[in-house]
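Before any comments, here is the structure.
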Amino acid sequence: MAVLVIAEYDEAGIKGGSLSAITAAQELGAGDIDLLIVNQDCAAAGEAAARVPGIARVRVADDALYGTALAEPLAALVVSLAGDYSHIVLAHTTFGRNIAPRIAALLDIVQVSDIMEVKSADTFVRPIYAGNALATVQSKDEKLLITVRATAFAKADADGGTAIIEPVAVAGDPALSSFVGQDLTKSERPELTAARIVISGGRGMQSGENFAMIENVADKLGAAIGASRAAVDAGFKPNDFQVGQTGKVVAPELYIAVGISGAIQHLAGMKDSKVIVAINKDEEAPIFQIADYGLVGDLFKALPELDQELEKQGVKPR
Amino acid sequence: MKVLVAVKRVIDYNVKVRVKGDNTGVETANVKMSMNPFDEIAVEEAIRLQEAGTVSEVVVVSMGEAKCSETIRTALAMGADRGIHVLTDAELQPLAVAKLFKTIVDREQPDLVILGKQAIDDDCSQTGQMLAAILGWPQGTFASKVEFADGKALVTREVDGGSETLSLTMPAVVTTDLRLNEPRYASLPNIMKAKKKQIDQLTPEELGVDVTPRLVTLRVDEPPPRQGGGKVADIAELVDKLKNEAGVI
Ligand SMILES: Cc1cc2nc3c(=O)[nH]c(=O)nc-3n(C[C@H](O)[C@H](O)[C@H](O)COP(=O)(O)OP(=O)(O)OC[C@H]3O[C@@H](n4cnc5c(N)ncnc54)[C@H](O)[C@@H]3O)c2cc1C
Ligand SMILES: Nc1ncnc2c1ncn2[C@@H]1O[C@H](COP(=O)(O)O)[C@@H](O)[C@H]1O
């Protein structure tokens with residue numbers, strides 16, 4: 001049998017989360033790995049996918065029906081291809097989370113969500129209870145649907161391969177949903193889940209305007225900006241900035257938490273960062289228990305100081 | 001319009017969960033249990049639709065042990081009309097829950113089913129999408145806004161890049177995200193009233209669904225502990241340590 005990885009991409013190529021999913025797919029040791037690229041006008045993405053080393057085939061489903069990633073036609077398409085595969089693998093992004101369970105239920109197989117480790121082709125480690133426990137689970141099903149925690153797997157190389165590219169036939173339109181519009185956050189900064197450094201603000205920031213202080217520091221570090229749920233709920237930042245159990249999971253080399261108390265749900269999204277810095281005026285704040293470098297103090301003083309010190313030391317984005 | 005709402009009984013989100021000594025699961029004895037927070041949001045949304053006159057009846061459904069009836073009562077006290085309890089002590093996994101839900105949808109014929117986007121115990125984020133699949137209905141997951149017009153549901157969804165809006169044919173499945181609404185607390189009179197509301201009890205056997213887990217938990221472990229607690233005196237020391245000790249800037 002073989003493994004199908006459903007890949008996400010952008011202008012820069014196959015997305016990091018999908019490259020991590022490819023690594024997980026390789027660890028399954030379950031045979032050839034095919035990639036599925038599905039969208040409208042996605043021929044170039046298909047070519048990018050074919051350069052990923054170690055891929056057997058890139059299957060490209062290029063049709064207007066798939067242009068807005070609606071779950072119903074996408075799931076129908078994947079089900080039409082599923083006969084060839086023992087495993088179907090996606091990144092545990094909002095895209096993956098949306099369509100994977102739909103595919104699994106149509107195939108009457110279980111889904112293993114958010115895996116952090118591949119033990120064998122049917123056994124995986126995954127977080128439960130906001131990562132406060134790790135469950136080792138084994139599937140009894142012949143076919144398996146898996147979503148992958150990107151931070152737990154290295155990114156596969158994106159260049160050097162020469163896979164064959166094959167078109168895939170459209171699988172029919174369930175005509176249950178249609179796309180109305182979107183409001184995507186535009187930013188020049190690195191993407192939150194891909195950034196080497198992340199600086200996040202919490203309720204302690206007091207307003208969206210005050211995030212300008214975080215932006216100054218982020219500019220000097222080449223960092224992405226994140227937020228706690230409280231900061232998002234208060235409207236300081238849009239929902240896609242939320243780091244945590246129910247937001248994005250990040251594991252950068254450096255995570256700076258500013259005015260964030262360190263609730264379990266927030267820690268779930270960042271505690272695997274390599275180095276953690278916390279700036280908080282409450283020395284009892286739980287965030288300090290996991291911080292490598294804690295600074296007890298007022299953020300409104302600390303952030304401008306940090307900005308100046310980085311300037312003084314000539315720190316530049318790497 | 002009739003709405004079915006899923007409410008799962010989970011360990012309260014404030015509890016620091018501990019792994020059992022024998023690594024078979026997590027400690028649940030004497031631990032505070034609550035309604036899954038995303039399901040509170042689901043109940044709230046249904047009740048608001050009812051208050052707005054869009055919805056005529058709100059039926060809440062919980063599946064699991066006997067005490068799930070308490071979770072149903074909480075939803076009834078918030079304002080739901082009646083409850084259905086699928087009683088079982090078996091471990092229920094998302095695919096089985098979705099199949100049980102399908103049988104209840106067949107009986108109740110709702111126009112809309114609202115579930116949470118994720119149960120904060122298993123963190124699967126699967127059940128709503130699975131239910132939509134086996135019903136052959138559209139899905140509006142991770143909803144931050146839901147409106148109804150011309151026989152369609154307009155669902156705004158929180159996605160990795162921001163948000164998007166879909167139009168769904170009815171009937172439909174919606175799963176809630178955090179920003180959909182802020183759930184109310186039940187008032188004392190409503191808690192009293194809820195005691196008289198009807199809860200029907202069914203079993204997986206009566207519903208003809210085999211709920212045997214297909215994903216076997218071999219063991220449960222504590223995550224590796226993180227060594228934290230380090231402090232710096234000021235910003236100069238912080239920047240110095242980040243540069244010269246950690247080497248990350
Ligand atoms: C179902 C569910 C899912 C959730 N998912 C997430 C999630 O994915 N991500 C997430 O982050 N949360 C999540 N939460 C919320 C979580 O429980 C916390 O409520 C939230 O993380 C708190 O955010 P905060 O730390 O910014 O705010 P608070 O807990 O209010 O902390 C603010 C901190 O700022 C400090 N502070 C204030 N002023 C200053 C100052 N001038 N200088 C320095 N420090 C200052 C305070 O000392 C305090 O520690 C979830 C909750 C639930 C129930
Ligand atoms: N045993 C259950 N009883 C009622 N609702 C459930 C149950 N299990 C899951 N759900 C619903 O499905 C949602 C997603 O759960 P999950 O797929 O496990 O993350 C929850 O928020 C509930 O709305």
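By order of appearance in the structure tokens: chains A, B, ..., then residues from 1 within every chain, and ligands from 1 in the order shown.
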
Hey, list the chain A side of the contact with chain B: 7 Å cut-off, only C-alpha atoms, answer as a PyMOL selection string.
-> chain A and resi 72+94+97-98+101-102+105-106+110+113+128-130+132-141+176-185+233+239-240+253-254+288-295+302+305-306+309+315

Find the residues around stretch 198-211 of chain A up to 10 Å (only C-alpha atoms counted), leave out those fewer than 6 positions away in its own chain, and share them as a ChimeraX atom specification.
-> /A:190-192,217-218,221-238,241-243,250-262,270,273,276-281,298-300

Generate a file of the selected residues that holds C-alpha atoms, formatted as a short mmCIF file (atom, residue, chain, number, x, y, z; two decimals), in the first residue's frame.
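Final file, part_33.cif:
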data_model
loop_
_atom_site.label_atom_id
_atom_site.label_comp_id
_atom_site.auth_asym_id
_atom_site.auth_seq_id
_atom_site.Cartn_x
_atom_site.Cartn_y
_atom_site.Cartn_z
CA PRO A 190 6.83 35.62 9.43
CA GLU A 191 3.89 33.27 9.86
CA LEU A 192 3.23 32.47 13.52
CA VAL A 217 10.59 44.53 19.40
CA ALA A 218 9.33 42.05 16.81
CA LEU A 221 14.06 40.26 16.16
CA GLY A 222 12.29 39.28 12.94
CA ALA A 223 9.63 37.76 15.17
CA ALA A 224 6.04 36.77 14.57
CA ILE A 225 3.40 38.16 16.92
CA GLY A 226 0.98 36.05 18.92
CA ALA A 227 -1.62 36.63 21.61
CA SER A 228 -3.39 34.91 24.46
CA ARG A 229 -7.06 34.10 24.23
CA ALA A 230 -7.84 36.96 26.61
CA ALA A 231 -6.08 39.40 24.27
CA VAL A 232 -8.00 38.04 21.27
CA ASP A 233 -11.34 38.02 23.10
CA ALA A 234 -10.72 41.65 24.08
CA GLY A 235 -10.18 42.49 20.41
CA PHE A 236 -6.52 43.49 20.75
CA LYS A 237 -5.61 41.09 17.94
CA PRO A 238 -7.56 38.91 15.44
CA PHE A 241 -3.01 35.27 16.55
CA GLN A 242 -4.22 33.00 19.36
CA VAL A 243 -1.62 30.62 20.72
CA VAL A 250 4.08 26.99 18.19
CA ALA A 251 7.56 25.81 19.17
CA PRO A 252 9.98 28.54 18.11
CA GLU A 253 13.57 28.88 19.25
CA LEU A 254 12.50 31.83 21.38
CA TYR A 255 9.04 32.58 22.79
CA ILE A 256 8.50 35.84 24.67
CA ALA A 257 5.27 36.04 26.71
CA VAL A 258 4.35 39.57 27.76
CA GLY A 259 1.51 40.23 30.20
CA ILE A 260 0.38 36.60 29.95
CA SER A 261 -0.38 34.71 33.16
CA GLY A 262 0.36 31.23 31.80
CA MET A 270 3.96 27.15 23.47
CA SER A 273 9.49 26.32 22.61
CA ILE A 276 10.90 30.89 26.96
CA VAL A 277 10.99 34.46 28.28
CA ALA A 278 8.21 35.83 30.49
CA ILE A 279 7.62 39.46 31.36
CA ASN A 280 4.98 39.84 34.04
CA LYS A 281 4.49 42.10 37.03
CA ASP A 298 5.89 46.34 34.45
CA LEU A 299 5.67 45.58 30.75
CA PHE A 300 5.07 49.23 29.95
#

Could you write out, as a PyMOL selection string, all the residues of stretch 59-285 of chain A that DSSP marks as strand (DSSP E)?
-> chain A and resi 59-62+85-91+111-115+117-120+123-128+133-139+144-148+164-167+177-184+197-201+224-227+254-258+275-280
